[in-house]
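Visitor: Contents of target_5.txt (compact mmCIF, C-alpha atoms (C1' of nucleotides)) are given next:
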# COMPACT_ATOMS: atom_id res chain seq x y z
CA MET Q 1 -23.39 3.57 23.61
CA ARG Q 2 -23.75 0.25 21.91
CA ARG Q 3 -23.94 1.95 18.58
CA GLY Q 4 -20.43 3.26 18.98
CA GLU Q 5 -19.34 -0.21 19.87
CA ALA Q 6 -20.72 -1.59 16.64
CA LEU Q 7 -19.09 1.20 14.67
CA GLY Q 8 -15.74 0.33 16.14
CA GLN Q 9 -16.11 -3.28 15.16
CA LEU Q 10 -17.24 -2.30 11.71
CA GLU Q 11 -14.08 -0.31 11.25
CA GLN Q 12 -11.96 -3.17 12.38
CA GLU Q 13 -13.58 -5.59 9.96
CA VAL Q 14 -13.22 -3.16 7.11
CA GLY Q 15 -9.56 -2.81 7.95
CA VAL Q 16 -8.99 -6.53 7.82
CA LEU Q 17 -10.96 -6.73 4.61
CA ILE Q 18 -8.81 -4.17 2.89
CA ARG Q 19 -5.56 -5.86 3.74
CA ARG Q 20 -6.73 -9.29 2.68
CA VAL Q 21 -8.29 -8.10 -0.51
CA ARG Q 22 -5.11 -6.33 -1.46
CA ARG Q 23 -3.18 -9.55 -1.24
CA VAL Q 24 -5.81 -11.51 -3.11
CA ILE Q 25 -5.94 -9.05 -5.97
CA GLY Q 26 -2.22 -9.30 -6.36
CA GLU Q 27 -2.42 -13.06 -6.64
CA ARG Q 28 -5.11 -12.92 -9.26
CA ALA Q 29 -3.33 -10.30 -11.30
CA ARG Q 30 -0.27 -12.51 -11.47
CA ALA Q 31 -2.42 -15.44 -12.50
CA VAL Q 32 -3.76 -13.52 -15.48
CA HIS Q 33 -0.38 -12.41 -16.73
CA ASP Q 34 3.06 -12.33 -15.28
CA GLY Q 35 3.87 -8.71 -14.87
CA LEU Q 36 0.28 -7.58 -14.65
CA GLN Q 37 0.07 -5.15 -11.78
CA PRO Q 38 -2.76 -5.42 -9.27
CA SER Q 39 -4.33 -2.07 -9.98
CA SER Q 40 -4.18 -2.65 -13.71
CA TYR Q 41 -5.90 -5.93 -13.19
CA LEU Q 42 -8.85 -4.10 -11.73
CA ILE Q 43 -9.14 -1.96 -14.80
CA LEU Q 44 -8.87 -4.97 -17.04
CA ALA Q 45 -11.66 -6.72 -15.17
CA HIS Q 46 -13.80 -3.63 -15.47
CA LEU Q 47 -13.28 -3.53 -19.22
CA ALA Q 48 -14.11 -7.20 -19.47
CA ASP Q 49 -17.41 -6.64 -17.74
CA CYS Q 50 -18.45 -3.33 -19.15
CA GLY Q 51 -17.16 -3.55 -22.67
CA PRO Q 52 -15.20 -0.87 -24.51
CA ALA Q 53 -14.93 2.30 -22.48
CA ARG Q 54 -12.98 5.49 -22.49
CA SER Q 55 -10.44 6.34 -19.85
CA SER Q 56 -12.55 9.08 -18.37
CA SER Q 57 -15.35 6.66 -17.58
CA ILE Q 58 -12.84 4.52 -15.74
CA VAL Q 59 -11.76 7.57 -13.82
CA ASP Q 60 -15.35 8.08 -12.76
CA THR Q 61 -15.79 4.47 -11.77
CA PHE Q 62 -12.63 4.14 -9.76
CA GLU Q 63 -12.47 7.65 -8.38
CA ILE Q 64 -8.75 7.87 -8.84
CA ASP Q 65 -6.55 10.33 -10.67
CA LYS Q 66 -6.70 10.34 -14.44
CA GLY Q 67 -2.93 10.33 -14.59
CA ALA Q 68 -2.84 7.05 -12.75
CA ILE Q 69 -5.43 5.58 -15.09
CA SER Q 70 -3.49 6.74 -18.10
CA ARG Q 71 -0.38 4.95 -16.91
CA GLN Q 72 -2.17 1.77 -16.03
CA VAL Q 73 -3.88 1.66 -19.40
CA GLN Q 74 -0.51 2.11 -21.03
CA HIS Q 75 0.71 -0.82 -19.00
CA LEU Q 76 -2.16 -2.98 -20.22
CA VAL Q 77 -1.50 -1.99 -23.81
CA ASP Q 78 2.17 -2.86 -23.43
CA LEU Q 79 1.20 -6.33 -22.23
CA GLY Q 80 -1.13 -6.77 -25.20
CA LEU Q 81 -4.19 -7.12 -22.99
CA VAL Q 82 -5.96 -3.99 -24.15
CA GLU Q 83 -6.16 -2.08 -27.41
CA ARG Q 84 -6.73 1.58 -27.97
CA GLU Q 85 -8.83 2.91 -30.84
CA PRO Q 86 -10.03 6.41 -31.51
CA ASP Q 87 -13.56 7.17 -30.46
CA PRO Q 88 -15.46 7.98 -33.65
CA ALA Q 89 -17.80 10.17 -31.67
CA ASP Q 90 -15.14 12.35 -30.04
CA GLY Q 91 -11.73 13.09 -31.47
CA ARG Q 92 -10.25 13.65 -28.04
CA ALA Q 93 -11.23 10.31 -26.61
CA THR Q 94 -9.94 6.79 -27.14
CA LEU Q 95 -11.92 3.63 -26.65
CA LEU Q 96 -10.30 0.83 -24.72
CA THR Q 97 -11.06 -2.72 -25.72
CA ILE Q 98 -9.93 -5.88 -24.06
CA THR Q 99 -8.21 -8.31 -26.42
CA PRO Q 100 -9.49 -11.85 -27.01
CA GLU Q 101 -6.37 -13.25 -25.40
CA ALA Q 102 -6.96 -11.21 -22.26
CA THR Q 103 -10.59 -12.25 -22.21
CA ARG Q 104 -9.55 -15.87 -22.33
CA ARG Q 105 -6.99 -15.56 -19.55
CA LEU Q 106 -9.35 -13.57 -17.40
CA ALA Q 107 -12.13 -16.08 -17.82
CA GLU Q 108 -9.85 -18.85 -16.68
CA VAL Q 109 -8.84 -16.98 -13.56
CA THR Q 110 -12.42 -16.05 -12.82
CA ARG Q 111 -13.43 -19.67 -13.09
CA GLN Q 112 -10.76 -20.76 -10.64
CA ARG Q 113 -11.69 -18.01 -8.24
CA ARG Q 114 -15.34 -18.86 -8.31
CA GLU Q 115 -14.56 -22.47 -7.63
CA LEU Q 116 -12.62 -21.74 -4.50
CA PHE Q 117 -15.09 -19.14 -3.49
CA ASP Q 118 -17.99 -21.55 -3.63
CA GLU Q 119 -15.94 -23.90 -1.56
CA ARG Q 120 -15.25 -21.26 1.06
CA LEU Q 121 -18.62 -19.59 1.08
CA GLY Q 122 -20.63 -22.68 0.31
CA ASP Q 123 -22.62 -22.35 3.50
CA TRP Q 124 -23.93 -18.91 2.65
CA THR Q 125 -27.44 -18.72 1.36
CA GLU Q 126 -28.04 -16.49 -1.56
CA ALA Q 127 -30.10 -14.22 0.64
CA GLU Q 128 -27.17 -13.74 3.00
CA LEU Q 129 -25.00 -12.87 0.08
CA THR Q 130 -27.35 -10.30 -1.38
CA ASP Q 131 -27.96 -8.85 2.07
CA LEU Q 132 -24.26 -8.27 2.50
CA VAL Q 133 -24.05 -6.67 -0.91
CA SER Q 134 -26.86 -4.26 -0.23
CA ALA Q 135 -25.56 -3.39 3.22
CA LEU Q 136 -22.13 -2.65 1.78
CA SER Q 137 -23.67 -0.59 -0.94
CA ARG Q 138 -25.53 1.44 1.64
CA TYR Q 139 -22.40 1.87 3.69
CA ASN Q 140 -20.50 3.00 0.63
CA HIS Q 141 -23.14 5.54 -0.04
CA ALA Q 142 -22.57 6.96 3.42
CA LEU Q 143 -18.88 7.25 2.60
CA GLU Q 144 -19.46 9.28 -0.52
CA PRO Q 145 -17.24 12.29 -0.88
CA SER Q 146 -18.62 14.72 1.61
CA PRO Q 147 -21.09 17.20 0.17
CA LEU Q 148 -20.52 19.09 3.37
CA GLY Q 149 -17.08 20.11 2.37
CA ALA Q 150 -13.75 19.30 3.89
CA HIS Q 151 -14.40 21.05 7.16
CA ALA Q 152 -15.81 17.91 8.60
CA THR Q 153 -12.51 16.10 8.41
CA VAL Q 154 -14.17 13.08 9.09
CA ALA Q 155 -16.42 10.24 8.17
CA PRO Q 156 -15.83 6.78 9.49
CA ASP Q 157 -12.34 5.75 9.05
CA ALA Q 158 -12.22 2.08 8.73
CA GLY Q 159 -8.88 0.64 7.94
CA ARG Q 160 -8.43 0.72 11.65
CA GLY Q 161 -6.89 -1.99 13.62
CA ARG Q 162 -9.16 -1.36 16.44
CA MET B 1 -26.13 -18.68 -11.89
CA ARG B 2 -27.51 -16.04 -9.61
CA ARG B 3 -24.84 -16.78 -7.08
CA GLY B 4 -22.15 -15.69 -9.48
CA GLU B 5 -24.10 -12.53 -10.10
CA ALA B 6 -24.11 -11.72 -6.39
CA LEU B 7 -20.40 -12.44 -6.13
CA GLY B 8 -19.69 -9.99 -8.91
CA GLN B 9 -21.65 -7.29 -7.18
CA LEU B 10 -19.95 -8.06 -3.92
CA GLU B 11 -16.58 -7.52 -5.52
CA GLN B 12 -17.68 -4.26 -6.99
CA GLU B 13 -18.91 -2.95 -3.66
CA VAL B 14 -15.72 -3.98 -1.93
CA GLY B 15 -13.76 -2.18 -4.60
CA VAL B 16 -15.65 1.03 -4.04
CA LEU B 17 -15.27 0.61 -0.31
CA ILE B 18 -11.51 0.35 -0.51
CA ARG B 19 -11.10 3.49 -2.52
CA ARG B 20 -13.40 5.54 -0.34
CA VAL B 21 -11.92 4.30 2.87
CA ARG B 22 -8.45 5.21 1.67
CA ARG B 23 -9.50 8.78 1.17
CA VAL B 24 -11.34 8.98 4.45
CA ILE B 25 -8.41 7.64 6.43
CA GLY B 26 -6.18 10.25 4.90
CA GLU B 27 -8.54 12.99 5.98
CA ARG B 28 -8.67 11.75 9.52
CA ALA B 29 -4.95 11.31 9.80
CA ARG B 30 -4.43 14.90 8.82
CA ALA B 31 -7.01 15.97 11.37
CA VAL B 32 -5.08 14.30 14.16
CA HIS B 33 -1.78 15.85 13.23
CA ASP B 34 -0.42 17.64 10.23
CA GLY B 35 2.11 15.32 8.77
CA LEU B 36 0.60 12.18 10.21
CA GLN B 37 0.53 9.62 7.44
CA PRO B 38 -2.60 7.56 6.84
CA SER B 39 -1.06 4.21 7.58
CA SER B 40 0.56 5.49 10.74
CA TYR B 41 -2.78 6.78 11.84
CA LEU B 42 -4.11 3.25 11.76
CA ILE B 43 -1.36 2.09 14.04
CA LEU B 44 -1.94 4.96 16.38
CA ALA B 45 -5.62 4.14 16.60
CA HIS B 46 -4.79 0.56 17.32
CA LEU B 47 -2.50 1.56 20.16
CA ALA B 48 -5.16 3.84 21.54
CA ASP B 49 -7.64 1.00 21.66
CA CYS B 50 -5.43 -1.86 22.72
CA GLY B 51 -3.02 -0.19 25.05
CA PRO B 52 0.75 -0.59 25.06
CA ALA B 53 1.88 -3.20 22.60
CA ARG B 54 5.04 -4.36 20.97
CA SER B 55 5.71 -3.93 17.30
CA SER B 56 5.46 -7.61 16.58
CA SER B 57 1.90 -7.73 17.83
CA ILE B 58 1.06 -4.92 15.44
CA VAL B 59 2.63 -6.92 12.66
CA ASP B 60 0.31 -9.79 13.51
CA THR B 61 -2.72 -7.54 13.64
CA PHE B 62 -2.10 -5.73 10.40
CA GLU B 63 -0.53 -8.54 8.46
CA ILE B 64 2.00 -6.29 6.86
CA ASP B 65 5.77 -6.32 6.74
CA LYS B 66 7.61 -5.67 9.97
CA GLY B 67 9.89 -3.23 8.19
CA ALA B 68 6.91 -1.11 7.27
CA ILE B 69 5.67 -1.20 10.85
CA SER B 70 9.07 -0.21 12.14
CA ARG B 71 9.17 2.85 9.94
CA GLN B 72 5.66 3.92 10.78
CA VAL B 73 6.34 3.60 14.48
CA GLN B 74 9.43 5.74 14.01
CA HIS B 75 7.26 8.27 12.29
CA LEU B 76 4.85 8.34 15.21
CA VAL B 77 7.70 8.74 17.68
CA ASP B 78 9.10 11.63 15.65
CA LEU B 79 5.75 13.38 15.84
CA GLY B 80 5.61 12.84 19.59
CA LEU B 81 2.48 10.73 19.39
CA VAL B 82 4.02 7.51 20.63
CA GLU B 83 6.76 6.62 23.06
CA ARG B 84 9.03 3.62 23.12
CA GLU B 85 10.12 1.92 26.30
CA PRO B 86 11.97 -1.32 26.78
CA ASP B 87 9.90 -4.35 27.57
CA PRO B 88 10.95 -5.51 31.05
CA ALA B 89 9.99 -9.04 30.13
CA ASP B 90 12.07 -9.30 26.99
CA GLY B 91 15.25 -7.43 26.25
CA ARG B 92 14.70 -7.55 22.51
CA ALA B 93 11.27 -6.02 22.53
CA THR B 94 10.03 -2.46 23.02
CA LEU B 95 6.64 -1.44 24.25
CA LEU B 96 4.80 1.28 22.39
CA THR B 97 2.64 3.68 24.32
CA ILE B 98 0.46 6.42 22.97
CA THR B 99 1.15 9.81 24.55
CA PRO B 100 -1.54 11.78 26.39
CA GLU B 101 -1.39 14.46 23.73
CA ALA B 102 -2.06 11.91 21.01
CA THR B 103 -4.88 10.43 23.04
CA ARG B 104 -6.46 13.83 23.31
CA ARG B 105 -6.18 14.63 19.62
CA LEU B 106 -7.41 11.21 18.63
CA ALA B 107 -10.41 11.45 20.90
CA GLU B 108 -11.39 14.73 19.34
CA VAL B 109 -11.20 13.32 15.83
CA THR B 110 -13.11 10.23 16.87
CA ARG B 111 -15.83 12.40 18.31
CA GLN B 112 -16.18 14.39 15.10
CA ARG B 113 -16.23 11.26 13.04
CA ARG B 114 -18.90 9.64 15.12
CA GLU B 115 -21.02 12.73 14.85
CA LEU B 116 -20.94 12.76 11.10
CA PHE B 117 -21.34 9.05 10.99
CA ASP B 118 -24.48 9.13 13.07
CA GLU B 119 -25.77 11.75 10.74
CA ARG B 120 -25.05 9.64 7.69
CA LEU B 121 -26.06 6.28 9.08
CA GLY B 122 -28.76 7.55 11.32
CA ASP B 123 -31.39 5.46 9.59
CA TRP B 124 -29.61 2.20 10.32
CA THR B 125 -30.98 0.16 13.13
CA GLU B 126 -28.49 -1.32 15.49
CA ALA B 127 -29.46 -4.78 14.24
CA GLU B 128 -28.58 -3.80 10.69
CA LEU B 129 -25.25 -2.55 11.87
CA THR B 130 -24.36 -5.68 13.77
CA ASP B 131 -25.58 -7.85 10.92
CA LEU B 132 -23.21 -6.09 8.56
CA VAL B 133 -20.38 -6.52 11.00
CA SER B 134 -20.91 -10.23 11.40
CA ALA B 135 -21.34 -10.76 7.67
CA LEU B 136 -18.10 -8.92 6.99
CA SER B 137 -16.36 -10.90 9.66
CA ARG B 138 -17.52 -14.09 8.05
CA TYR B 139 -16.42 -12.91 4.65
CA ASN B 140 -13.05 -11.97 6.01
CA HIS B 141 -12.68 -15.40 7.44
CA ALA B 142 -13.21 -16.82 3.95
CA LEU B 143 -10.44 -14.58 2.70
CA GLU B 144 -7.91 -15.82 5.18
CA PRO B 145 -4.54 -16.66 3.73
CA SER B 146 -5.12 -19.84 1.83
CA PRO B 147 -4.27 -22.99 3.73
CA LEU B 148 -4.47 -24.66 0.35
CA GLY B 149 -1.30 -23.04 -0.83
CA ALA B 150 -0.69 -20.62 -3.65
CA HIS B 151 -1.71 -22.99 -6.39
CA ALA B 152 -5.23 -21.78 -6.18
CA THR B 153 -4.41 -18.27 -7.28
CA VAL B 154 -7.55 -17.26 -6.14
CA ALA B 155 -10.17 -16.23 -3.71
CA PRO B 156 -12.52 -13.43 -4.53
CA ASP B 157 -10.68 -10.44 -5.64
CA ALA B 158 -12.73 -7.50 -4.83
CA GLY B 159 -11.20 -4.19 -5.63
CA ARG B 160 -12.84 -4.80 -8.94
CA GLY B 161 -14.74 -2.19 -10.83
CA ARG B 162 -17.15 -4.73 -12.00
C1' DA X 1 -12.07 33.75 -29.02
C1' DA X 2 -12.78 31.62 -24.62
C1' DC X 3 -13.55 27.84 -22.08
C1' DA X 4 -14.12 22.88 -21.05
C1' DA X 5 -12.97 18.06 -21.57
C1' DA X 6 -9.77 13.87 -22.78
C1' DG X 7 -5.31 12.28 -22.12
C1' DT X 8 -0.28 12.35 -21.39
C1' DT X 9 3.64 13.32 -18.77
C1' DG X 10 6.79 14.86 -15.00
C1' DC X 11 7.45 15.19 -10.26
C1' DC X 12 6.49 13.93 -5.82
C1' DT X 13 5.02 11.14 -1.66
C1' DC X 14 3.35 7.25 0.57
C1' DT X 15 3.38 2.33 1.14
C1' DA X 16 5.03 -2.08 1.64
C1' DG X 17 7.70 -6.25 0.27
C1' DC X 18 12.34 -8.39 0.42
C1' DA X 19 16.68 -9.15 2.27
C1' DA X 20 20.57 -8.31 5.11
C1' DC X 21 21.73 -7.35 9.47
C1' DC X 22 22.17 -6.83 14.81
C1' DA X 23 20.78 -7.94 19.48
C1' DA X 24 18.77 -10.80 22.71
C1' DC X 25 16.61 -15.06 24.22
C1' DA X 26 16.30 -20.40 24.30
C1' DG X 27 17.61 -25.08 23.97
C1' DG X 28 20.74 -28.55 23.73
C1' DC X 29 25.39 -30.71 24.57
C1' DG X 30 30.07 -31.54 25.57
C1' DC Z 1 28.92 -24.13 33.25
C1' DG Z 2 30.30 -22.22 28.65
C1' DC Z 3 29.44 -22.68 23.82
C1' DC Z 4 27.00 -23.41 19.56
C1' DT Z 5 22.88 -23.09 17.07
C1' DG Z 6 18.52 -21.55 16.00
C1' DT Z 7 14.69 -18.27 16.78
C1' DT Z 8 12.49 -13.96 17.57
C1' DG Z 9 12.18 -8.65 17.83
C1' DG Z 10 13.52 -4.75 15.29
C1' DT Z 11 16.04 -1.63 12.14
C1' DT Z 12 17.65 -0.28 7.71
C1' DG Z 13 18.64 -0.12 2.55
C1' DC Z 14 16.76 -1.00 -1.72
C1' DT Z 15 13.09 -1.44 -4.79
C1' DA Z 16 8.56 -1.09 -7.10
C1' DG Z 17 3.80 0.05 -7.06
C1' DA Z 18 0.29 3.38 -6.62
C1' DG Z 19 -1.76 7.65 -7.02
C1' DG Z 20 -2.15 12.90 -6.18
C1' DC Z 21 -1.10 17.41 -8.40
C1' DA Z 22 -0.10 20.32 -12.01
C1' DA Z 23 1.38 21.66 -16.58
C1' DC Z 24 0.53 20.95 -21.22
C1' DT Z 25 -1.60 19.33 -25.93
C1' DT Z 26 -5.37 18.35 -28.68
C1' DT Z 27 -10.04 18.55 -29.72
C1' DG Z 28 -14.94 20.16 -28.84
C1' DT Z 29 -18.25 23.51 -27.46
C1' DT Z 30 -20.37 28.05 -26.97
Turn this file's structure into structure tokens for me.

Guide:
Amino acid sequence: MRRGEALGQLEQEVGVLIRRVRRVIGERARAVHDGLQPSSYLILAHLADCGPARSSSIVDTFEIDKGAISRQVQHLVDLGLVEREPDPADGRATLLTITPEATRRLAEVTRQRRELFDERLGDWTEAELTDLVSALSRYNHALEPSPLGAHATVAPDAGRGR
Amino acid sequence: MRRGEALGQLEQEVGVLIRRVRRVIGERARAVHDGLQPSSYLILAHLADCGPARSSSIVDTFEIDKGAISRQVQHLVDLGLVEREPDPADGRATLLTITPEATRRLAEVTRQRRELFDERLGDWTEAELTDLVSALSRYNHALEPSPLGAHATVAPDAGRGR
DNA sequence: AACAAAGTTGCCTCTAGCAACCAACAGGCG
DNA sequence: CGCCTGTTGGTTGCTAGAGGCAACTTTGTT
């Protein structure tokens, strides 16, 4: 079953990916602001790209608990990287906006990252890059929370060390 | 800069991947044994695939702290899924072996997973699968711990929500 | 009035990094 | 050879980060 073979390798690569990415995110978070936690960095980057948003939309994007989001947003506000303002359209919601200072710091880090990245992935053609993106996207789709219910247990693991 | 565009999307997809994989691993760990923690499951799977190994080799594979490995191995031993025996070749080391019971349970879970996976990724050709694997492998290589030192900050993050 | 949605908070577990520590090997060197 | 030093394999205590779950408040919706 060669297909099973490929699946096993896929899981192994995904496992390696996760561990490396975790480390890298931590480095970048620290580069933006001392004391910026990795997971909060991800939220900050999201706000930088997608403009003002409410917490619930971040919950949807990241698929993590709203309590966790709430705390991380608080963290960002404490560091002066994000500002809260009431949503004029809904009294319950608050809009999160990245501050100019945070935008500046983030841009600098992004520039550095892209530089090194070009250096490391310089031999990739753009087609290879977009192919990888679309394949990952497809794979992610397969990993979507099971519409079949929990009975299946299942789905490809991935963070394996296989 | 279309290349930058692709990089941004790549980071977003990797971010989604990480969150989904985390959930999936948790489900599978529970399926193997109630009380089996996700990260310990990964070690167990590794042992199942690579045969008896010492803790230090697991440390190398997973690139995480040896203290964490030590605790997770202890956890597996407590659950009766792994056994320790002294390494005849080195008095300091211990060899970790997966128990028959664990092998059985793991095989069952792997079977279920593969079933669902085939169902979800049934439309992938084997070439597409292997292409993804090699692309990921290449990407992972680019993420290797920087030989350039920490000054660079850097490398693609990924768990972004971009 | 009843219910749903947006957030906040408390409590809990899991995870892993760091550092201190012990035991066992390995390589000189007097 | 015995001894000293350094290295490697592992364990343990401490700590912080991360996020799930649930209770609760406030505001909207029907």

Visitor: Find the residues near DG6 (chain Z): any atom within 12 Å, counting all atoms listed in the file, skip ones fewer than 3 places away on the same chain, and give them as a compact mmCIF listing (two decimals) with C-alpha atoms (C1' of nucleotides), keeping the file's coordinate frame.

Guide:
# COMPACT_ATOMS: atom_id res chain seq x y z
C1' DC X 25 16.61 -15.06 24.22
C1' DA X 26 16.30 -20.40 24.30
C1' DG X 27 17.61 -25.08 23.97
C1' DG X 28 20.74 -28.55 23.73

Visitor: Give as a list of chain:residue names the set of residues within 7 Å of the point (-5.1, 18.3, -24.3), where distances use the file's coordinates and all atoms listed in the file.

Guide: X:DA6, X:DG7, Z:DC24, Z:DT25, Z:DT26

Visitor: Given only C-alpha atoms as the basis, pick out the residue of B:Asp78, B:Asp34, B:Glu101, B:Asp131 nearest to chain Q.

Guide: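 Comparing B:Asp78, B:Asp34, B:Glu101, B:Asp131 against chain Q, the winner is B:Asp131.
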
Visitor: Wanna dump the chain X-chain B contacts at 9 Å for me, each residue with its shortest atom pair and the distance in Å to one decimal, counting all atoms listed in the file, ordered by chain and number, as CSV?

Guide:
residue,atom,partner,partner_atom,distance
X:DC14,C1',B:Gln37,CA,7.8
X:DT15,C1',B:Ala68,CA,7.9
X:DA16,C1',B:Ala68,CA,6.0
X:DG17,C1',B:Asp65,CA,6.8
X:DA23,C1',B:Arg92,CA,6.8
X:DA24,C1',B:Arg92,CA,5.2
X:DC25,C1',B:Asp90,CA,7.8

Visitor: At a cut-off of 12 Å, can you tabulate as a Markdown table every residue of chain Z near chain B together with its closest atom pair and the distance in Å to one decimal, using all atoms listed in the file and ordering rows by chain then number?

Guide:
| residue | atom | partner | partner_atom | distance |
| --- | --- | --- | --- | --- |
| Z:DT8 | C1' | B:Arg92 | CA | 8.4 |
| Z:DG9 | C1' | B:Arg92 | CA | 5.4 |
| Z:DG10 | C1' | B:Ser70 | CA | 7.1 |
| Z:DT11 | C1' | B:Ser70 | CA | 7.1 |
| Z:DT12 | C1' | B:Gly67 | CA | 8.3 |
| Z:DG13 | C1' | B:Gly67 | CA | 10.9 |
| Z:DG19 | C1' | B:Arg19 | CA | 11.2 |
| Z:DG20 | C1' | B:Arg23 | CA | 11.2 |

Visitor: Separation of CA of Arg30 (chain Q) and CA of Leu116 (chain Q), in Å?

Guide: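 A separation of 16.9 Å between them.
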
Visitor: Tell me, in Å to one decimal, how far CA of Glu13 (chain B) is from CA of Val133 (chain Q).

Guide: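 Atom-to-atom, CA of Glu13 (chain B) to CA of Val133 (chain Q), that is 6.9 Å.
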
Visitor: With distances taken over all atoms listed in the file, which of B:Ala102, B:Leu79, B:Leu96, B:Leu143 is nearest to chain Q?

Guide: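 Counting all atoms listed in the file, the residue closest to chain Q is B:Leu143.
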
Visitor: Just how far from CA of Arg28 (chain B) is CA of Ser57 (chain B), in Å to one decimal?

Guide: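 Between CA of Ser57 (chain B) and CA of Arg28 (chain B) the gap works out to 23.7 Å.
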
Visitor: Extract, using all atoms listed in the file, all DNA, RNA and protein residues at most 12 Å from DC14 (chain Z), discarding same-chain residues fewer than 4 positions from it, and format them as a list of chain:residue names.

Guide: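 Those residues are X:DG17, X:DC18, X:DA19, X:DA20.
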
Visitor: Give me, as a PyMOL selection string, all polymer residues having an atom no more than 10 Å from Leu17 (chain Q), counting all atoms listed in the file and skipping those fewer than 5 positions away in the same chain.

Guide: (chain Q and resi 11-12+22+158-159) or (chain B and resi 14+17-18+136-137+139-141+143-144+158)

Visitor: Quick one: of B:Arg104, B:Arg120, B:Arg111, B:His75, who's nearest to chain Q, counting all atoms listed in the file?

Guide: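 Residue with the minimum atom-to-atom distance to chain Q: B:Arg120.
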
Visitor: Which residue is closest to chain Q? Choose from B:Glu128, B:Leu42, B:His33, B:Gly80 and count only C-alpha atoms.

Guide: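 For chain Q, the nearest of the given residues is B:Leu42.
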
Visitor: Report, as JSON, the centre and edge lengths in Å (one decimal) of the axis-aligned box enclosing every listed atom of region 3-21 of chain Z, padded by 6 Å on each side.

Guide:
{"center_x": 13.6, "center_y": -3.0, "center_z": 7.7, "size_x": 43.6, "size_y": 52.8, "size_z": 44.2}

Visitor: Should you be able to, write region 115-128 of chain Q of this structure into a file that contains N, CA and C atoms, as a PDB file, in the first residue's frame.

Guide:
ATOM      1  N   GLU Q 115      13.394  38.757   3.968  1.00  0.00           N
ATOM      2  CA  GLU Q 115      14.757  38.752   3.471  1.00  0.00           C
ATOM      3  C   GLU Q 115      15.383  37.363   3.624  1.00  0.00           C
ATOM      4  N   LEU Q 116      15.354  36.879   4.836  1.00  0.00           N
ATOM      5  CA  LEU Q 116      15.960  35.583   5.093  1.00  0.00           C
ATOM      6  C   LEU Q 116      15.236  34.498   4.320  1.00  0.00           C
ATOM      7  N   PHE Q 117      13.934  34.676   4.218  1.00  0.00           N
ATOM      8  CA  PHE Q 117      13.147  33.662   3.564  1.00  0.00           C
ATOM      9  C   PHE Q 117      13.524  33.564   2.089  1.00  0.00           C
ATOM     10  N   ASP Q 118      13.673  34.702   1.466  1.00  0.00           N
ATOM     11  CA  ASP Q 118      14.083  34.702   0.060  1.00  0.00           C
ATOM     12  C   ASP Q 118      15.430  34.014  -0.084  1.00  0.00           C
ATOM     13  N   GLU Q 119      16.265  34.267   0.880  1.00  0.00           N
ATOM     14  CA  GLU Q 119      17.586  33.667   0.853  1.00  0.00           C
ATOM     15  C   GLU Q 119      17.497  32.141   0.949  1.00  0.00           C
ATOM     16  N   ARG Q 120      16.610  31.692   1.823  1.00  0.00           N
ATOM     17  CA  ARG Q 120      16.497  30.248   2.045  1.00  0.00           C
ATOM     18  C   ARG Q 120      15.693  29.544   0.965  1.00  0.00           C
ATOM     19  N   LEU Q 121      14.683  30.235   0.476  1.00  0.00           N
ATOM     20  CA  LEU Q 121      13.799  29.597  -0.503  1.00  0.00           C
ATOM     21  C   LEU Q 121      14.009  30.205  -1.878  1.00  0.00           C
ATOM     22  N   GLY Q 122      15.165  30.771  -2.079  1.00  0.00           N
ATOM     23  CA  GLY Q 122      15.434  31.463  -3.331  1.00  0.00           C
ATOM     24  C   GLY Q 122      15.308  30.572  -4.549  1.00  0.00           C
ATOM     25  N   ASP Q 123      15.526  29.264  -4.346  1.00  0.00           N
ATOM     26  CA  ASP Q 123      15.518  28.378  -5.505  1.00  0.00           C
ATOM     27  C   ASP Q 123      14.122  27.860  -5.831  1.00  0.00           C
ATOM     28  N   TRP Q 124      13.127  28.310  -5.077  1.00  0.00           N
ATOM     29  CA  TRP Q 124      11.778  27.872  -5.405  1.00  0.00           C
ATOM     30  C   TRP Q 124      11.206  28.778  -6.483  1.00  0.00           C
ATOM     31  N   THR Q 125      10.562  28.172  -7.446  1.00  0.00           N
ATOM     32  CA  THR Q 125       9.851  28.992  -8.417  1.00  0.00           C
ATOM     33  C   THR Q 125       8.542  29.421  -7.780  1.00  0.00           C
ATOM     34  N   GLU Q 126       7.950  30.406  -8.353  1.00  0.00           N
ATOM     35  CA  GLU Q 126       6.689  30.863  -7.784  1.00  0.00           C
ATOM     36  C   GLU Q 126       5.621  29.783  -7.917  1.00  0.00           C
ATOM     37  N   ALA Q 127       5.718  29.027  -9.001  1.00  0.00           N
ATOM     38  CA  ALA Q 127       4.739  27.960  -9.214  1.00  0.00           C
ATOM     39  C   ALA Q 127       4.842  26.917  -8.095  1.00  0.00           C
ATOM     40  N   GLU Q 128       6.071  26.592  -7.728  1.00  0.00           N
ATOM     41  CA  GLU Q 128       6.244  25.601  -6.660  1.00  0.00           C
ATOM     42  C   GLU Q 128       5.631  26.109  -5.367  1.00  0.00           C
TER      43      GLU Q 128
END
